[in-house]
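Enquirer: I'm passing along entry.tsv; it holds TSV, C-alpha atoms.
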```tsv
chain	number	residue	atom	x	y	z
A	1	MET	CA	11.39	-12.05	1.15
A	2	ARG	CA	11.00	-9.01	3.38
A	3	TYR	CA	10.62	-5.49	2.04
A	4	LEU	CA	10.68	-2.27	4.05
A	5	VAL	CA	8.67	0.87	3.33
A	6	ARG	CA	10.46	3.87	4.83
A	7	ASP	CA	9.06	7.39	4.73
A	8	ARG	CA	11.42	10.30	4.36
A	9	MET	CA	11.29	12.23	7.59
A	10	LEU	CA	12.52	15.61	6.32
A	11	ALA	CA	11.14	15.96	2.79
A	12	PHE	CA	9.59	18.97	1.10
A	13	HIS	CA	7.30	16.66	-0.84
A	14	GLU	CA	5.74	13.38	0.14
A	15	GLU	CA	8.01	10.46	-0.66
A	16	ALA	CA	8.84	6.99	0.59
A	17	TRP	CA	11.38	4.35	-0.36
A	18	ILE	CA	10.77	0.63	-0.63
A	19	GLU	CA	13.90	-1.38	0.13
A	20	THR	CA	14.84	-5.02	0.42
A	21	GLU	CA	15.80	-6.41	3.80
A	22	HIS	CA	19.44	-5.84	2.71
A	23	ARG	CA	18.81	-2.06	2.30
A	24	GLN	CA	18.81	-2.18	-1.53
A	25	LYS	CA	16.44	0.53	-2.80
A	26	LEU	CA	13.85	-0.88	-5.22
A	27	TYR	CA	11.06	1.68	-5.59
A	28	ARG	CA	10.40	5.26	-4.74
A	29	VAL	CA	6.79	6.21	-4.00
A	30	ASN	CA	5.96	9.80	-4.93
A	31	ARG	CA	2.68	11.51	-4.18
A	32	LYS	CA	1.59	13.96	-6.82
A	33	LEU	CA	0.40	17.10	-5.10
A	34	LEU	CA	-2.09	19.76	-6.18
A	35	ARG	CA	-4.52	17.38	-7.92
A	36	LEU	CA	-8.21	16.70	-7.45
A	37	ARG	CA	-7.46	13.03	-6.88
A	38	THR	CA	-4.78	11.38	-4.81
A	39	THR	CA	-2.09	9.80	-7.01
A	40	PHE	CA	1.03	7.87	-6.03
A	41	ASP	CA	3.68	6.77	-8.54
A	42	PHE	CA	5.98	3.80	-7.98
A	43	VAL	CA	9.28	4.51	-9.71
A	44	ASP	CA	12.14	1.99	-9.79
A	45	ALA	CA	15.76	2.86	-8.98
A	46	GLN	CA	16.46	3.61	-12.67
A	47	GLY	CA	13.58	6.12	-12.88
A	48	ASN	CA	11.05	3.93	-14.75
A	49	GLN	CA	7.43	4.13	-13.60
A	50	MET	CA	6.36	0.65	-12.49
A	51	ALA	CA	2.83	1.31	-11.20
A	52	SER	CA	0.55	4.02	-9.92
A	53	ILE	CA	-2.26	4.28	-7.38
A	54	VAL	CA	-5.18	6.58	-8.14
A	55	LYS	CA	-7.96	7.55	-5.72
A	56	LYS	CA	-10.57	9.89	-7.14
A	57	ALA	CA	-11.62	12.76	-4.91
A	58	LEU	CA	-15.42	12.52	-4.98
A	59	THR	CA	-16.44	8.88	-4.67
A	60	LEU	CA	-19.16	7.26	-2.60
A	61	HIS	CA	-17.07	4.22	-1.72
A	62	HIS	CA	-13.40	4.29	-0.85
A	63	THR	CA	-12.03	2.70	-4.04
A	64	ILE	CA	-8.48	2.92	-5.33
A	65	LEU	CA	-7.33	1.90	-8.82
A	66	ILE	CA	-3.96	0.27	-9.43
A	67	ARG	CA	-2.47	0.98	-12.86
A	68	GLN	CA	0.47	-0.53	-14.70
A	69	ASP	CA	1.36	0.55	-18.25
A	70	ASN	CA	-1.68	2.89	-18.28
A	71	GLU	CA	-4.07	-0.06	-17.73
A	72	VAL	CA	-6.08	-0.79	-14.62
A	73	VAL	CA	-4.75	-4.07	-13.19
A	74	GLY	CA	-6.57	-3.97	-9.89
A	75	ARG	CA	-9.19	-2.27	-7.79
A	76	ILE	CA	-9.10	-2.16	-3.98
A	77	SER	CA	-12.15	-1.18	-1.99
A	78	LYS	CA	-12.97	-0.93	1.68
A	79	ARG	CA	-16.16	-2.39	3.05
A	80	THR	CA	-17.91	0.50	4.73
A	81	PHE	CA	-19.94	-1.33	7.35
A	82	ARG	CA	-18.02	-3.90	9.33
A	83	ILE	CA	-18.66	-4.81	12.97
A	84	PHE	CA	-15.35	-6.51	13.80
A	85	GLY	CA	-12.82	-4.29	12.07
A	86	ASP	CA	-12.12	-3.21	8.53
A	87	ARG	CA	-11.74	-5.53	5.63
A	88	PHE	CA	-10.59	-4.73	2.16
A	89	LYS	CA	-11.27	-6.61	-1.03
A	90	VAL	CA	-9.18	-6.57	-4.17
A	91	SER	CA	-10.36	-7.39	-7.68
A	92	LEU	CA	-7.56	-8.09	-10.16
A	93	ARG	CA	-7.70	-7.92	-13.95
A	94	ASP	CA	-6.88	-11.63	-14.23
A	95	GLY	CA	-10.06	-12.49	-12.29
A	96	ARG	CA	-8.51	-13.21	-8.90
A	97	ARG	CA	-10.12	-11.79	-5.79
A	98	LEU	CA	-7.88	-11.09	-2.82
A	99	ARG	CA	-8.89	-10.39	0.77
A	100	ILE	CA	-7.04	-8.10	3.16
A	101	ALA	CA	-7.79	-8.65	6.84
A	102	GLY	CA	-6.12	-8.28	10.20
A	103	ASN	CA	-5.63	-5.88	13.07
A	104	PHE	CA	-5.77	-2.54	11.29
A	105	TRP	CA	-5.51	-0.53	14.51
A	106	ASP	CA	-1.96	-1.84	15.05
A	107	ARG	CA	-1.27	-2.03	11.30
A	108	GLU	CA	-0.88	-5.83	11.27
A	109	PHE	CA	-2.66	-7.43	8.33
A	110	ASP	CA	-2.45	-10.19	5.72
A	111	ILE	CA	-3.19	-10.27	2.00
A	112	GLN	CA	-4.88	-13.58	1.20
A	113	HIS	CA	-6.12	-15.51	-1.82
A	114	LYS	CA	-8.51	-18.41	-1.15
A	115	GLY	CA	-7.26	-18.77	2.42
A	116	THR	CA	-3.57	-18.73	1.47
A	117	THR	CA	-1.51	-15.83	2.83
A	118	LEU	CA	0.42	-14.07	0.06
A	119	ALA	CA	1.93	-11.31	2.23
A	120	HIS	CA	2.01	-10.13	5.83
A	121	ILE	CA	2.34	-6.42	6.60
A	122	SER	CA	3.62	-5.31	9.99
A	123	ARG	CA	4.55	-2.11	11.84
A	124	ARG	CA	5.37	-4.06	14.99
A	125	TRP	CA	9.15	-3.73	14.74
A	126	PHE	CA	9.25	-0.03	13.88
A	127	SER	CA	8.57	2.62	16.48
A	128	ILE	CA	11.16	5.35	15.89
A	129	ARG	CA	10.72	5.99	12.17
A	130	ASP	CA	7.65	5.76	10.01
A	131	ALA	CA	8.33	2.36	8.46
A	132	TYR	CA	6.71	-1.00	8.06
A	133	ALA	CA	7.68	-4.42	6.77
A	134	ILE	CA	6.06	-6.44	4.01
A	135	ASP	CA	6.83	-10.17	4.13
A	136	VAL	CA	6.05	-11.42	0.62
A	137	LEU	CA	5.35	-15.15	0.44
A	138	SER	CA	4.35	-15.17	-3.26
A	139	GLU	CA	7.32	-13.99	-5.31
A	140	GLN	CA	5.40	-13.79	-8.61
A	141	ASP	CA	3.19	-10.97	-7.30
A	142	THR	CA	5.83	-8.98	-5.40
A	143	THR	CA	5.19	-5.55	-6.95
A	144	LEU	CA	1.42	-5.93	-6.73
A	145	LEU	CA	1.55	-6.96	-3.06
A	146	ILE	CA	3.78	-4.00	-2.19
A	147	VAL	CA	1.40	-1.64	-4.00
A	148	LEU	CA	-1.56	-3.13	-2.10
A	149	ALA	CA	0.21	-2.61	1.24
A	150	VAL	CA	0.77	1.08	0.44
A	151	CYS	CA	-2.91	1.38	-0.63
A	152	VAL	CA	-4.19	-0.03	2.65
A	153	ASP	CA	-1.82	2.11	4.72
A	154	HIS	CA	-2.95	5.25	2.86
A	155	THR	CA	-6.63	4.30	3.23
A	156	LEU	CA	-6.27	3.77	6.97
A	157	GLU	CA	-4.51	7.12	7.30
A	158	ASP	CA	-7.36	8.86	5.44
A	159	ARG	CA	-10.03	7.17	7.53
A	160	ARG	CA	-8.53	8.07	10.88
A	161	GLY	CA	-7.60	11.61	9.91
A	162	GLU	CA	-4.15	10.98	11.34
A	163	LYS	CA	-0.80	11.73	9.86
A	164	LEU	CA	0.77	8.34	10.54
A	165	THR	CA	2.86	8.23	7.40
A	166	ASN	CA	4.44	10.81	5.19
A	167	LEU	CA	2.38	9.49	2.26
```
Just give me the structure as structure tokens.

Expert:
Amino acid sequence: MRYLVRDRMLAFHEEAWIETEHRQKLYRVNRKLLRLRTTFDFVDAQGNQMASIVKKALTLHHTILIRQDNEVVGRISKRTFRIFGDRFKVSLRDGRRLRIAGNFWDREFDIQHKGTTLAHISRRWFSIRDAYAIDVLSEQDTTLLIVLAVCVDHTLEDRRGEKLTNL
């Protein structure tokens, strides 16, 4: 199933919506401002918090924690020294290790587990608005894969010093 992450163009605070391919709004991503660490909350259409992303301000490695129900369910980190592009690794609470690789310059990347692609993230089709598509191939991990895509996009934005997304 395809999901779309669309940033609000004219917002006073940083916000994005995650929609299905049929334009049904699923999650709102809010960035909490005025904190020492970067925090994003994923809130469903009814207002319930589904997950959060937390990046502490003063860390040696670029590591982001993924929380659900106030428990850390995953940790995403960027390998600092890489000759042929960036790679991210994800450690999940259930013991799985995911790999995120692709063409990060063009924002085209895959989330993989043991060589199997779980999701493909693409900005290829979106040039007018700040949006990107997440093609989820593993329906059981839909929310987690969407959260990981937002993590990688935010990490790439921080690294380049660009303002490519509203988040």

Enquirer: Near region 91-96 of chain A, within 8 Å and counting all atoms listed in the file, which residues show up once chain neighbours fewer than 4 positions away are dropped, as a ChimeraX atom specification?

Expert: /A:72-76,113

Enquirer: Would you list the residues near (-11.5, 3.3, -7.6) (no more than 7 Å away, in the coordinates of the file, using all atoms listed in the file) as a list in words?

Expert: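 Result, sorted by chain then residue number: Lys55, Lys56, Thr63, Ile64, Leu65, Arg75 and Ile76 of chain A.
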
Enquirer: Leaving out Leu26 (chain A) and any residue of its chain fewer than 3 positions from it, which residues lie within 9 Å of it when counting only C-alpha atoms, given as an NGL selection string?

Expert: :A and (17-20 or 43-45)

Enquirer: If I take CA of Tyr3 (chain A) and CA of Asp110 (chain A), how far is one from the other in Å, to one decimal?

Expert: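 Interatomic distance, CA of Tyr3 (chain A) to CA of Asp110 (chain A): 14.4 Å.
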
Enquirer: Measure the distance from CA of Val90 (chain A) to CA of Glu21 (chain A) in Å and round it to one decimal.

Expert: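 About the pair CA of Val90 (chain A) and CA of Glu21 (chain A): they are 26.2 Å apart.
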
Enquirer: Using CA of Gly115 (chain A) and CA of Ala51 (chain A) as the two end points, give the distance in Å to one decimal.

Expert: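 Computing it gives 26.3 Å between the two atoms.
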
Enquirer: Between A:His62, A:Arg2, A:Arg123, A:His22, which one has atoms that come closest to Lys89 (chain A), using only C-alpha atoms?

Expert: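 When distances to Lys89 (chain A) are compared using only C-alpha atoms, the smallest one comes from A:His62.
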
Enquirer: Hey, can I get the axis-aligned box for region 50-55 of chain A? All listed atoms, 5 Å padding on each side, centre and edge lengths in Å to one decimal, as JSON.

Expert:
```
{"center_x": -0.8, "center_y": 4.1, "center_z": -9.1, "size_x": 24.3, "size_y": 16.9, "size_z": 16.8}
```

Enquirer: Which is closer to Thr117 (chain A) than all the others in A:Glu15, A:Asp41, A:Glu71, A:Asp135, using all atoms listed in the file?

Expert: A:Asp135

Enquirer: Just the residues within 10 Å of region 98-109 of chain A, please, counting all atoms listed in the file, with nothing from its chain fewer than 5 positions along; format it as an NGL selection string.

Expert: :A and (76 or 78 or 84-92 or 114-124 or 132-134 or 148-149 or 152-153 or 156 or 160)
